[in-house]
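This report refers to the structure that appears directly beneath it.
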Amino acid sequence: MPGFWTAGRVRFALALALVLLLEALCRFRAIDRFAMIPPSEILWHLGRILVGGTMGPAIAKTLTNVTIACVSAVAAGVILGTLIHRWRDLRETLDPLFTAYYGIPVYAFYPLFIVIFGLGDVPQVLIGFMLGLVAVIVNTLNGLDRVPRALTKTARIHRLGPLATALQISLPYAAPYIFTGVKLAVAYSFIGVIGAELIMSRTGLGYEIGFAYNNFDNAVMYPLIVLVLAIAATVNTLFFLWEKRLLARRRP
Amino acid sequence: MKALRAAILITCVVAGWQLLFWWAGPGSLTSPLDTIGYTIQLLGSATFYPHLAETGQAFAVALAIAISFGILIGFSLGLYRFAGEVGEPVLVALYSIPKITLYPIVLLAFGIGMPAKIAFGAIHGIVPVAIFALGAVRNLNPIYAKTARVMRMPPAQIASHVLLPAAIPEIFTGIRIGFSLTLIGTLLGEMFASQRGLGYLLIQAIGLHNVRIIMALTLLLVVIAVTASALLLAADRRLRGRAAGVT
């Protein structure tokens, strides 16, 4: 559709209309104040919380754990993916595990991790790590499958060892596919860490949301929910844009 | 060969579990044999059955909602190109946000109990079904819709008799992913918003530090999830094979 109403603008207008509708419903008491506070007040409280700095440690804790989970999932995923790709038998044995993996409710392991590692950061990071890991492995395998034979042969002619071949030839070639895994790992580590914090923890944004909910403290709960969603959406969008730029550079 | 590989994989998992048990000690987890025994005992007990039934019921309703609404949303966005352009990024964004943070809102809207669990399961499952249905409809060969229009089929009938059957294999992949997410969503809903169900038993066992129940429930859930996803995957491959045979 040509002209002023591009898809992006329509999307923005719809979102704005939804927020205004919520605002009106809250203002005219169609939605009870106990259930929800108007969006304008949520934003105001969010600003107050961010400026006041009371949530600073919780935000820092959550973001740190998400980063650790995500970075380790990507690193371990790429390394394991590369290794698994080299051993055909290992790969075919693990394949059913990979396909069934995302059918397993990973949170079910959280209680177990708490029992083993105690109620610190480790269980939460581990949940985020586990959610992200297999997405990276699967996409690394998928990318390495597509490396043309000519490239691997060239590497052999130049007498590159397995490590050098992986680092200089196959992994760079597979990068766009691995990036799909990275994007999923980012989203999954957010979901894993914050979910685990909500289920049971002592700090972090997820914990604070649960705490505010239990105290009927809507003036804290809603701003924090909006904050979490905004952070996750921003990070995901940034990765999406970065990927677009990488892909654009690759195309001749 | 396939069965041998599966056997090797299962043996390795159980062996790793046993090693972990020896390393961490009985205070942290139970041994494989003990866990299997307790799970069977749990399955036989009369007090456990209502929880299982409750979870099954909530999950079934949530899955039905997720599939039907997901297909409806995916179809509406897929049939109109511009609507798809507007809606698809929203769906992808919804897929990647931690929906678990929405549980207080779901609880405030539905109260504690069955409806909240169902809603929580459904919002987890609806998005992947919609994304795959959207992709399926958009990638359909346009000749199908054109032929149907030439034959003057009414739009509703085109959707139900031509487009839906043609898009089924792709949609089924979405349902397969939606299935596991709905299960996770329902269990999470039970952890927060319920007095019954497997999720409730799990969160209660965490509170009481009851390792045996935690291990038994985890084993049960993993077995259910792996079996279901293996069955769905087999069905998925068959559907795709059949579709590939037609064209």
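In the structure tokens, chains take the letters A, B, ... in the order shown, each chain's residues start at 1, and ligands count up from 1 in the order shown.
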Using only C-alpha atoms, I'd like a table of the residues in chain A that come within 6 Å of chain B; for each, show the closest atom pair and its distance in Å rounded to one decimal, ordered by chain and ascending number, as a tab-separated table.
```
residue	atom	partner	partner_atom	distance
A:Ala7	CA	B:Val86	CA	4.9
A:Arg11	CA	B:Val86	CA	5.6
A:Ala35	CA	B:Leu108	CA	5.6
A:Thr93	CA	B:Arg5	CA	5.1
A:Ala100	CA	B:Val226	CA	5.5
A:Gly103	CA	B:Ser180	CA	4.6
A:Ile104	CA	B:Ala225	CA	5.3
A:Pro105	CA	B:Ile184	CA	5.3
A:Ala108	CA	B:Thr218	CA	5.6
A:Pro111	CA	B:Ile206	CA	5.8
A:Val115	CA	B:Ser28	CA	5.4
A:Ile116	CA	B:Ser28	CA	5.3
A:Ala187	CA	B:Ser96	CA	5.1
A:Ile191	CA	B:Pro98	CA	4.4
A:Gly195	CA	B:Ile100	CA	5.8
A:Ala232	CA	B:Ile97	CA	5.9
```
Leaving out Tyr107 in chain A and any residue of its chain fewer than 6 positions from it, which residues lie within 8 Å of it when counting only C-alpha atoms, given as a tab-separated table (two decimals) with N, CA and C atoms, in the first residue's frame?
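Below is the file that was written, out34.tsv:
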```tsv
chain	number	residue	atom	x	y	z
A	127	ILE	N	19.25	-22.11	33.91
A	127	ILE	CA	17.99	-22.25	33.16
A	127	ILE	C	18.08	-21.45	31.86
A	192	GLY	N	14.33	-17.41	30.26
A	192	GLY	CA	14.77	-18.35	31.29
A	192	GLY	C	15.09	-17.67	32.61
A	196	ALA	N	12.78	-17.88	35.93
A	196	ALA	CA	13.31	-18.52	37.13
A	196	ALA	C	13.24	-17.57	38.33
B	184	ILE	N	4.30	-25.85	28.81
B	184	ILE	CA	5.10	-25.04	29.73
B	184	ILE	C	4.24	-23.95	30.36
```
Quiz item: So how far away is CA of Thr64 in chain A from CA of Phe109 in chain A, in Å?
Solution: 21.5 Å
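A straight line drawn from CA of Thr11 in chain B to CA of Asp236 in chain B is 26.9 Å long.
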Exercise. Check the smallest atom-to-atom distance from each of B:Val61, B:Met114, B:Ile40, B:Ala167 to Gly197 in chain B using only C-alpha atoms, then report the winner.
Key: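 Using only C-alpha atoms, the shortest distance to Gly197 in chain B belongs to B:Met114.
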Exercise. Would you list the contacts of Val125 in chain A as a VMD selection string, taking every protein, DNA or RNA residue within 10 Å and counting only C-alpha atoms, but skipping same-chain residues closer than 4 positions in sequence?
Key: chain A and resid 62 64 to 70 72 to 73 120 to 121 129 to 131 189 to 190 192 to 194 196 to 197
Give me a file of those residues, with C-alpha atoms, as a CSV table (one decimal), in the first residue's frame.
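New file out-v7.csv:
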```csv
chain,number,residue,atom,x,y,z
A,62,THR,CA,18.9,-9.5,36.0
A,64,THR,CA,24.1,-9.5,34.4
A,65,ASN,CA,22.6,-13.0,34.7
A,66,VAL,CA,20.9,-12.8,31.3
A,67,THR,CA,24.3,-11.7,29.7
A,68,ILE,CA,26.2,-14.5,31.4
A,69,ALA,CA,23.6,-17.1,30.4
A,70,CYS,CA,23.4,-15.8,26.8
A,72,SER,CA,27.9,-18.9,27.7
A,73,ALA,CA,25.1,-20.5,25.7
A,120,GLY,CA,21.8,-18.2,44.3
A,121,ASP,CA,22.4,-16.9,40.8
A,129,PHE,CA,21.8,-21.2,29.5
A,130,MET,CA,19.9,-24.5,29.0
A,131,LEU,CA,17.1,-22.8,27.1
A,189,SER,CA,18.0,-16.3,28.2
A,190,PHE,CA,15.7,-13.4,29.0
A,192,GLY,CA,14.8,-18.3,31.3
A,193,VAL,CA,16.4,-16.0,33.8
A,194,ILE,CA,13.3,-13.8,34.4
A,196,ALA,CA,13.3,-18.5,37.1
A,197,GLU,CA,13.5,-15.3,39.2
```
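For Ser31 in chain B, the list of residues within 12 Å, based on only C-alpha atoms and with local chain neighbours fewer than 6 positions off taken out, reads B:Val14, B:Ala15, B:Gly16, B:Trp17, B:Gln18, B:Leu19, B:Leu20, B:Phe21, B:Trp22, B:Trp23, B:Ala24, B:Gly25, B:Gly37, B:Tyr38, B:Val211, B:Arg212, B:Met215, B:Ala216, B:Leu219.
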Self-check item: Test item: residues at most 12 Å from Leu83 in chain A, only C-alpha atoms, excluding those fewer than 5 positions along its chain, as a list in words
Solution: Ala76, Gly77, Val78, Arg88, Asp89, Leu90, Arg91, Ile137, Thr140, Leu141, Leu144, Pro162, Leu163, Ala166 and Leu171 of chain A
Output for the residues just chosen: C-alpha atoms as a PDB file, in the first residue's frame:
```pdb
ATOM      1  CA  ALA A  76      29.273 -23.422  24.361  1.00  0.00           C
ATOM      2  CA  GLY A  77      26.721 -23.861  21.567  1.00  0.00           C
ATOM      3  CA  VAL A  78      29.133 -22.897  18.792  1.00  0.00           C
ATOM      4  CA  ARG A  88      28.615 -38.137  12.410  1.00  0.00           C
ATOM      5  CA  ASP A  89      27.732 -40.948  14.806  1.00  0.00           C
ATOM      6  CA  LEU A  90      27.560 -38.619  17.778  1.00  0.00           C
ATOM      7  CA  ARG A  91      25.359 -36.279  15.814  1.00  0.00           C
ATOM      8  CA  ILE A 137      23.889 -25.919  18.585  1.00  0.00           C
ATOM      9  CA  THR A 140      25.449 -24.023  14.114  1.00  0.00           C
ATOM     10  CA  LEU A 141      25.000 -27.560  12.739  1.00  0.00           C
ATOM     11  CA  LEU A 144      28.059 -25.942   8.947  1.00  0.00           C
ATOM     12  CA  PRO A 162      40.715 -28.678  11.899  1.00  0.00           C
ATOM     13  CA  LEU A 163      40.833 -25.708  14.283  1.00  0.00           C
ATOM     14  CA  ALA A 166      36.728 -24.016  11.650  1.00  0.00           C
ATOM     15  CA  LEU A 171      32.363 -20.767  11.043  1.00  0.00           C
TER      16      LEU A 171
END
```
Practice problem: Using DSSP on the backbone coordinates, identify all residues within range 5-166 of chain A classified as helix (DSSP H, G or I); present the result as number ranges by chain. | Solution: A: 7-27, 39-52, 56-86, 88-101, 106-117, 122-145, 149-157, 162-166
Store the residues picked out above in a file with C-alpha atoms, as a short mmCIF file (atom, residue, chain, number, x, y, z; two decimals), in the first residue's frame.
```cif
data_model
loop_
_atom_site.label_atom_id
_atom_site.label_comp_id
_atom_site.auth_asym_id
_atom_site.auth_seq_id
_atom_site.Cartn_x
_atom_site.Cartn_y
_atom_site.Cartn_z
CA ALA A 7 3.17 -0.93 7.62
CA GLY A 8 5.36 0.60 10.33
CA ARG A 9 3.12 3.62 10.74
CA VAL A 10 -0.05 1.53 10.85
CA ARG A 11 1.57 -0.66 13.50
CA PHE A 12 2.50 2.40 15.54
CA ALA A 13 -0.99 3.90 15.19
CA LEU A 14 -2.61 0.63 16.29
CA ALA A 15 -0.34 0.36 19.32
CA LEU A 16 -1.07 3.99 20.21
CA ALA A 17 -4.81 3.42 19.83
CA LEU A 18 -4.59 0.39 22.13
CA VAL A 19 -2.74 2.37 24.80
CA LEU A 20 -5.23 5.24 24.55
CA LEU A 21 -8.12 2.77 24.83
CA LEU A 22 -6.57 1.28 27.98
CA GLU A 23 -6.03 4.78 29.33
CA ALA A 24 -9.69 5.66 28.73
CA LEU A 25 -10.95 2.39 30.22
CA CYS A 26 -8.85 2.94 33.34
CA ARG A 27 -9.74 6.62 33.66
CA PRO A 39 -0.76 3.66 31.12
CA SER A 40 0.15 7.31 31.76
CA GLU A 41 0.55 6.57 35.47
CA ILE A 42 2.60 3.44 34.65
CA LEU A 43 5.00 5.58 32.64
CA TRP A 44 5.15 8.20 35.39
CA HIS A 45 5.89 5.57 38.05
CA LEU A 46 8.44 3.95 35.75
CA GLY A 47 10.27 7.26 35.47
CA ARG A 48 10.06 7.69 39.25
CA ILE A 49 11.49 4.19 39.86
CA LEU A 50 14.29 4.62 37.33
CA VAL A 51 15.28 8.06 38.67
CA GLY A 52 14.95 6.98 42.30
CA GLY A 56 19.07 -0.35 40.21
CA PRO A 57 20.54 -3.46 41.88
CA ALA A 58 17.66 -5.67 40.70
CA ILE A 59 17.98 -4.43 37.11
CA ALA A 60 21.76 -4.89 37.19
CA LYS A 61 21.42 -8.38 38.66
CA THR A 62 18.94 -9.53 36.03
CA LEU A 63 20.85 -8.04 33.11
CA THR A 64 24.13 -9.53 34.36
CA ASN A 65 22.59 -12.99 34.70
CA VAL A 66 20.93 -12.75 31.29
CA THR A 67 24.26 -11.70 29.74
CA ILE A 68 26.20 -14.53 31.41
CA ALA A 69 23.56 -17.08 30.38
CA CYS A 70 23.42 -15.81 26.81
CA VAL A 71 27.17 -15.45 26.23
CA SER A 72 27.95 -18.86 27.69
CA ALA A 73 25.10 -20.47 25.72
CA VAL A 74 26.43 -18.97 22.48
CA ALA A 75 30.07 -19.87 23.21
CA ALA A 76 29.27 -23.42 24.36
CA GLY A 77 26.72 -23.86 21.57
CA VAL A 78 29.13 -22.90 18.79
CA ILE A 79 31.96 -25.03 20.22
CA LEU A 80 29.72 -28.06 20.84
CA GLY A 81 28.04 -27.58 17.47
CA THR A 82 31.40 -27.58 15.69
CA LEU A 83 32.55 -30.67 17.58
CA ILE A 84 29.29 -32.56 17.03
CA HIS A 85 29.43 -31.70 13.35
CA ARG A 86 32.76 -33.51 13.06
CA ARG A 88 28.61 -38.14 12.41
CA ASP A 89 27.73 -40.95 14.81
CA LEU A 90 27.56 -38.62 17.78
CA ARG A 91 25.36 -36.28 15.81
CA GLU A 92 22.91 -38.94 14.73
CA THR A 93 22.70 -40.21 18.29
CA LEU A 94 22.02 -36.75 19.69
CA ASP A 95 19.58 -35.73 16.96
CA PRO A 96 16.44 -37.07 18.67
CA LEU A 97 17.46 -35.22 21.84
CA PHE A 98 17.72 -31.96 19.92
CA THR A 99 14.34 -32.34 18.24
CA ALA A 100 12.58 -33.25 21.48
CA TYR A 101 14.52 -30.72 23.57
CA VAL A 106 13.01 -26.71 31.28
CA TYR A 107 11.56 -24.91 34.31
CA ALA A 108 10.77 -28.37 35.68
CA PHE A 109 14.52 -28.67 36.36
CA TYR A 110 14.64 -25.41 38.29
CA PRO A 111 13.65 -26.94 41.65
CA LEU A 112 16.34 -29.57 41.12
CA PHE A 113 18.97 -26.90 40.41
CA ILE A 114 17.97 -25.02 43.54
CA VAL A 115 18.40 -28.19 45.56
CA ILE A 116 21.83 -28.86 44.01
CA PHE A 117 23.29 -25.35 43.71
CA VAL A 122 23.61 -20.30 39.44
CA PRO A 123 20.20 -22.01 38.99
CA GLN A 124 18.75 -18.98 37.14
CA VAL A 125 21.73 -18.61 34.84
CA LEU A 126 21.66 -22.35 34.22
CA ILE A 127 17.99 -22.25 33.16
CA GLY A 128 18.69 -19.39 30.74
CA PHE A 129 21.79 -21.21 29.48
CA MET A 130 19.93 -24.48 28.95
CA LEU A 131 17.10 -22.77 27.07
CA GLY A 132 19.53 -21.02 24.73
CA LEU A 133 22.18 -23.71 24.26
CA VAL A 134 20.36 -26.14 21.98
CA ALA A 135 19.05 -23.38 19.70
CA VAL A 136 22.67 -22.32 19.09
CA ILE A 137 23.89 -25.92 18.58
CA VAL A 138 21.12 -26.74 16.12
CA ASN A 139 21.66 -23.57 14.09
CA THR A 140 25.45 -24.02 14.11
CA LEU A 141 25.00 -27.56 12.74
CA ASN A 142 22.58 -26.22 10.16
CA GLY A 143 25.09 -23.55 9.08
CA LEU A 144 28.06 -25.94 8.95
CA ASP A 145 25.99 -28.30 6.76
CA ARG A 149 32.73 -28.54 -0.48
CA ALA A 150 34.99 -26.27 -2.52
CA LEU A 151 35.76 -24.24 0.57
CA THR A 152 36.63 -27.23 2.75
CA LYS A 153 38.74 -28.66 -0.06
CA THR A 154 40.60 -25.37 -0.44
CA ALA A 155 41.29 -25.47 3.28
CA ARG A 156 42.72 -28.96 2.93
CA ILE A 157 44.92 -27.90 0.00
CA PRO A 162 40.72 -28.68 11.90
CA LEU A 163 40.83 -25.71 14.28
CA ALA A 164 42.08 -23.28 11.65
CA THR A 165 39.51 -24.56 9.14
CA ALA A 166 36.73 -24.02 11.65
#
```
Practice problem: Pick out the residues sitting within 10 Å of Ala64 in chain B, and hand them over as a list in words; count only C-alpha atoms, and ignore anything fewer than 5 positions along from it in its own chain. | Solution: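 Everything that qualifies: Phe59, Phe69, Gly70, Ile118, Ala122, Gly125, Ile126, Phe179 and Thr182 of chain B.
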Quiz prompt | One-decimal distance in Å that lies between CA of Ala166 in chain B and CA of Met153 in chain B | solution = 16.0 Å
Quiz item: Using only C-alpha atoms, which residue out of B:Pro165, B:Gly174, B:Gly135, B:Pro155 lies closest to Leu77 in chain B?
Solution: B:Gly135
